[in-house]
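> So that we are looking at the same thing, I have put the structure below in structure tokens.
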Amino acid sequence: MRAVVYDRYGPPDVLRLEEVERPVPKEDEVLVRVHATTVNRSDAHTREANRGGGLAVTLLSRMVSGLRRPRQPILGNEFAGEVVAAGAAVKEFAVGDRVFGWTGLRFGAHAEFMCVRESARITHMPAGMSFEKAAPICDGALSALMCLKQADLRKGRRILIYGASGAIGTAGVQLARYYDADVTAVCSTKNLELVKSLGADRVIDYTQEDFTKNGQTYHVIFDAVGKHSFKRSRDSLEPGGFFLPTDGFENLILALWPSRTGDKRVVFQLPPRLTKQDVLFLKELVEAGKFRPVIDRCYPLEDVIEATRYVETQHKTGNVVMTIDGGQAA
Ligand SMILES: NC(=O)c1ccc[n+]([C@@H]2O[C@H](COP(=O)([O-])OP(=O)(O)OC[C@H]3O[C@@H](n4cnc5c(N)ncnc54)[C@H](OP(=O)(O)O)[C@@H]3O)[C@@H](O)[C@H]2O)c1
């Protein structure tokens, strides 16, 4: 089968399309023919061993992914495709089922075929959805869900979502809306209309206004893009308020050392807890019309380097999809 592989950490050019052996499903696994996948920040961070996070983060990243070289040569953690074979013990899926899901740090989706355990984060695709649209359901939304679950969101609670136009941000706005919170979203001029259409009660253009200077306060500030900080947000938080980061070593320290943050809290879930139940929940939201993954660009698998370079600009809107053989079932 064809797959995008890499055998050393580095820039996007370390990726190459190659013929590799097609995996064979174990008793409890299904073999999925992947029709669509994504390139996201997890792929990019892992491929370069989180070089931008500093020495401690790089070391941690290499301990997880392989100290000298990557143990898993195929990236890609989101997939949508068709079951083409199932192990003898598999009950939930049958050949021909259309499925989607998230493989987390196991990756493997930048390939024509992949094996996934029945009990893993995989489920049937929402009815009537294309592979291209189903592939980006999970990565941003699972991260946003994990963060927001910890913030006691409900009617009457005010949340500010910083970086509301990214993969995590666009999902975060829709999830906060689902929880009935009052949502203020911060993004740049070109994304104001989109973010409003996702359910934000109000939007702030960060190129025109600094939200920390307008005197408004929030019960929750969610930095969905890793470009803000607890320090700069502190005065915009209500007493007892939560700052929810998506990365940053400093945030980890603040989360572990609550006396440093006074009557406000930095909440950072490590290790991440993202479950199959969460994937089922997202599927239900999609089917109920309460969540749609935002797609910016779509590339064929062959253009993985170009797709990756675009993701690494850190200016994509929502998600970047890659299709395999046109993204259609045969
Ligand atoms: N370590 C990992 O493996 C890992 C994995 C996944 C995610 N994460 C973290 O999760 C966070 C978000 O990931 P993501 O995939 O959702 O990001 P993303 O989709 O790449 O976010 C890009 C969006 O952020 C906006 N943006 C860029 N600069 C901004 C700024 N200064 N202020 C506000 N918005 C800005 C961009 O729009 P404009 O350019 O128009 O503003 C763009 O729409 C990051 O902190 C990332 O490091 C880490």
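Letters for chains follow the order of the structure tokens (A, B, ...), residue numbers begin at 1 for each chain, and ligand numbers begin at 1 in the order shown.
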Write out as JSON, numbers by chain each polymer residue whose atoms come within 12 Å of range 168-171 of chain A, counting only C-alpha atoms; drop sequence neighbours fewer than 6 positions from it.

{"A": [40, 41, 42, 136, 137, 138, 139, 140, 141, 142, 143, 144, 145, 146, 147, 148, 160, 161, 162, 177, 178, 183, 184, 185, 186, 187, 191, 192, 194, 195, 196, 197, 198, 199, 200, 221, 222, 223, 224, 225, 226, 245, 246, 247, 282, 285, 286, 290, 291, 292, 293, 294, 295, 296, 316, 317, 318, 319]}

> I want to know what sits within 8 Å of range 263-265 of chain A, based on only C-alpha atoms, with residues of the same chain fewer than 2 positions away left out; could you give that as a VMD selection string?

chain A and resid 234 237 to 243 255 258 261 267

> Go ahead and dump the residues you just picked, C-alpha atoms, as a PDB file, in the first residue's frame.


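What follows is the written file out33.pdb:
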ATOM      1  CA  ARG A 234      -5.562  37.108  34.974  1.00  0.00           C
ATOM      2  CA  LEU A 237     -10.932  36.419  34.918  1.00  0.00           C
ATOM      3  CA  GLU A 238     -13.663  36.444  37.579  1.00  0.00           C
ATOM      4  CA  PRO A 239     -12.565  35.372  41.077  1.00  0.00           C
ATOM      5  CA  GLY A 240     -12.548  31.551  41.002  1.00  0.00           C
ATOM      6  CA  GLY A 241     -12.250  31.669  37.189  1.00  0.00           C
ATOM      7  CA  PHE A 242     -10.465  29.080  35.045  1.00  0.00           C
ATOM      8  CA  PHE A 243      -7.691  29.605  32.513  1.00  0.00           C
ATOM      9  CA  ALA A 255      -1.621  23.915  36.985  1.00  0.00           C
ATOM     10  CA  PRO A 258      -2.176  26.373  42.365  1.00  0.00           C
ATOM     11  CA  THR A 261      -2.368  31.496  40.660  1.00  0.00           C
ATOM     12  CA  VAL A 267      -6.434  23.745  34.500  1.00  0.00           C
TER      13      VAL A 267
END

> Which residues come within 12 Å of Ala307 in chain A, counting only C-alpha atoms, excluding same-chain residues fewer than 2 positions away, as a ChimeraX atom specification?

/A:12-13,15,37-41,43-44,296-305,309-314,316,319-323

> Any chance you can output those residues with C-alpha atoms as an mmCIF file, in the first residue's frame?


data_model
loop_
_atom_site.group_PDB
_atom_site.id
_atom_site.type_symbol
_atom_site.label_atom_id
_atom_site.label_comp_id
_atom_site.auth_asym_id
_atom_site.auth_seq_id
_atom_site.Cartn_x
_atom_site.Cartn_y
_atom_site.Cartn_z
ATOM 1 C CA PRO A 12 8.258 18.731 6.369
ATOM 2 C CA ASP A 13 10.776 17.460 3.732
ATOM 3 C CA LEU A 15 8.058 13.091 4.706
ATOM 4 C CA THR A 37 -7.325 12.002 6.850
ATOM 5 C CA THR A 38 -5.939 15.326 8.107
ATOM 6 C CA VAL A 39 -2.662 17.105 8.697
ATOM 7 C CA ASN A 40 -2.811 18.767 12.096
ATOM 8 C CA ARG A 41 -0.641 20.291 14.786
ATOM 9 C CA ASP A 43 1.452 15.567 13.227
ATOM 10 C CA ALA A 44 3.622 18.639 12.870
ATOM 11 C CA ASP A 296 -9.996 25.182 5.255
ATOM 12 C CA ARG A 297 -8.173 23.286 2.493
ATOM 13 C CA CYS A 298 -8.150 19.807 1.049
ATOM 14 C CA TYR A 299 -5.052 18.221 -0.546
ATOM 15 C CA PRO A 300 -4.409 14.835 -2.135
ATOM 16 C CA LEU A 301 -2.118 12.578 -0.069
ATOM 17 C CA GLU A 302 0.631 13.116 -2.653
ATOM 18 C CA ASP A 303 0.801 16.799 -1.606
ATOM 19 C CA VAL A 304 1.499 16.032 2.063
ATOM 20 C CA ILE A 305 4.545 18.321 2.236
ATOM 21 C CA ARG A 309 3.786 23.592 5.282
ATOM 22 C CA TYR A 310 0.384 25.262 5.242
ATOM 23 C CA VAL A 311 -0.534 23.824 8.672
ATOM 24 C CA GLU A 312 2.776 25.104 10.000
ATOM 25 C CA THR A 313 1.998 28.677 9.011
ATOM 26 C CA GLN A 314 -0.286 28.523 12.123
ATOM 27 C CA LYS A 316 -5.150 27.796 8.894
ATOM 28 C CA ASN A 319 -8.787 21.902 9.578
ATOM 29 C CA VAL A 320 -6.666 20.712 6.652
ATOM 30 C CA VAL A 321 -7.874 17.480 5.048
ATOM 31 C CA MET A 322 -5.980 15.017 2.834
ATOM 32 C CA THR A 323 -7.846 12.645 0.540
#

> Would you pick out the contacts of Gly53 in chain A at 12 Å or less, using only C-alpha atoms, so that residues sharing its chain but fewer than 5 positions from it are not included, and give the list as a list in words?

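Listed by chain and then number, they are His45, Thr46, Glu48, Thr58, Leu59, Leu60, Ser61, Gly226, Asp247, Gly248, Phe249 and Glu250 of chain A.
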
> How would the residues just picked look written out with all heavy atoms as a compact mmCIF listing (two decimals), in the first residue's frame?


# COMPACT_ATOMS: atom_id res chain seq x y z
N HIS A 45 3.93 18.68 15.29
CA HIS A 45 4.75 18.70 16.52
C HIS A 45 5.54 17.39 16.66
O HIS A 45 6.71 17.40 17.00
CB HIS A 45 3.86 18.87 17.75
CG HIS A 45 3.34 20.27 17.92
ND1 HIS A 45 4.17 21.36 17.97
CD2 HIS A 45 2.09 20.75 18.10
CE1 HIS A 45 3.44 22.46 18.16
NE2 HIS A 45 2.18 22.12 18.22
N THR A 46 4.87 16.28 16.39
CA THR A 46 5.53 14.98 16.58
C THR A 46 6.66 14.81 15.56
O THR A 46 7.74 14.33 15.88
CB THR A 46 4.50 13.84 16.45
OG1 THR A 46 3.49 14.07 17.42
CG2 THR A 46 5.13 12.48 16.67
N GLU A 48 8.56 16.95 14.26
CA GLU A 48 9.79 17.71 14.57
C GLU A 48 10.18 17.53 16.04
O GLU A 48 10.99 18.30 16.55
CB GLU A 48 9.62 19.18 14.21
CG GLU A 48 8.44 19.82 14.89
CD GLU A 48 8.50 21.33 14.92
OE1 GLU A 48 9.05 21.92 13.99
OE2 GLU A 48 7.96 21.88 15.90
N THR A 58 10.99 18.70 24.14
CA THR A 58 11.56 17.87 23.07
C THR A 58 11.94 16.50 23.61
O THR A 58 11.65 15.46 23.00
CB THR A 58 12.84 18.52 22.50
OG1 THR A 58 12.50 19.81 22.05
CG2 THR A 58 13.42 17.75 21.35
N LEU A 59 12.55 16.49 24.78
CA LEU A 59 12.98 15.23 25.38
C LEU A 59 11.78 14.35 25.68
O LEU A 59 11.76 13.15 25.38
CB LEU A 59 13.77 15.54 26.67
CG LEU A 59 14.67 14.42 27.15
CD1 LEU A 59 15.73 14.11 26.10
CD2 LEU A 59 15.33 14.81 28.48
N LEU A 60 10.75 14.98 26.26
CA LEU A 60 9.52 14.25 26.59
C LEU A 60 8.90 13.68 25.31
O LEU A 60 8.48 12.52 25.26
CB LEU A 60 8.54 15.23 27.26
CG LEU A 60 7.40 14.60 28.03
CD1 LEU A 60 7.93 13.82 29.22
CD2 LEU A 60 6.45 15.70 28.52
N SER A 61 8.89 14.51 24.27
CA SER A 61 8.31 14.10 22.99
C SER A 61 9.06 12.89 22.43
O SER A 61 8.46 11.93 21.96
CB SER A 61 8.38 15.28 22.02
OG SER A 61 7.87 14.93 20.78
N GLY A 226 -2.76 28.61 22.02
CA GLY A 226 -1.44 28.67 22.65
C GLY A 226 -0.70 29.96 22.40
O GLY A 226 0.53 29.99 22.38
N ASP A 247 -1.37 24.23 25.52
CA ASP A 247 0.01 23.76 25.58
C ASP A 247 0.83 24.67 26.50
O ASP A 247 0.27 25.53 27.18
CB ASP A 247 0.64 23.64 24.17
CG ASP A 247 0.84 24.98 23.48
OD1 ASP A 247 0.52 26.01 24.11
OD2 ASP A 247 1.32 24.99 22.34
N GLY A 248 2.14 24.47 26.52
CA GLY A 248 3.02 25.34 27.30
C GLY A 248 3.47 24.70 28.60
O GLY A 248 2.65 24.34 29.44
N PHE A 249 4.80 24.58 28.73
CA PHE A 249 5.39 24.00 29.93
C PHE A 249 5.04 24.83 31.17
O PHE A 249 4.73 24.31 32.23
CB PHE A 249 6.91 23.92 29.72
CG PHE A 249 7.61 23.08 30.73
CD1 PHE A 249 7.31 21.73 30.84
CD2 PHE A 249 8.55 23.63 31.58
CE1 PHE A 249 7.94 20.93 31.78
CE2 PHE A 249 9.19 22.85 32.53
CZ PHE A 249 8.89 21.50 32.63
N GLU A 250 5.05 26.16 30.96
CA GLU A 250 4.75 27.08 32.07
C GLU A 250 3.34 26.83 32.62
O GLU A 250 3.11 26.87 33.83
CB GLU A 250 4.89 28.50 31.55
CG GLU A 250 4.71 29.57 32.58
CD GLU A 250 4.53 30.94 31.92
OE1 GLU A 250 5.35 31.28 31.08
OE2 GLU A 250 3.54 31.61 32.26

> Just checking: using only C-alpha atoms and all ligand atoms, which residue out of A:Gly327, A:Gly54, A:Gly156, A:Pro73 ends up closest to ligand 1?

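Result for the nearest residue to ligand 1: A:Gly54.
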
> Choose the residue, out of A:Gly87, A:Gly108, A:Gly172, A:Gly163, that has the smallest atom-to-atom separation from ligand 1; count only C-alpha atoms and all ligand atoms.

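Using only C-alpha atoms and all ligand atoms, ligand 1 sits closest to A:Gly163.
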
> Output as a PyMOL selection string all residues of range 239-319 of chain A that backbone DSSP marks as strand (DSSP E).

chain A and resi 239-244+265-266+295-300+319
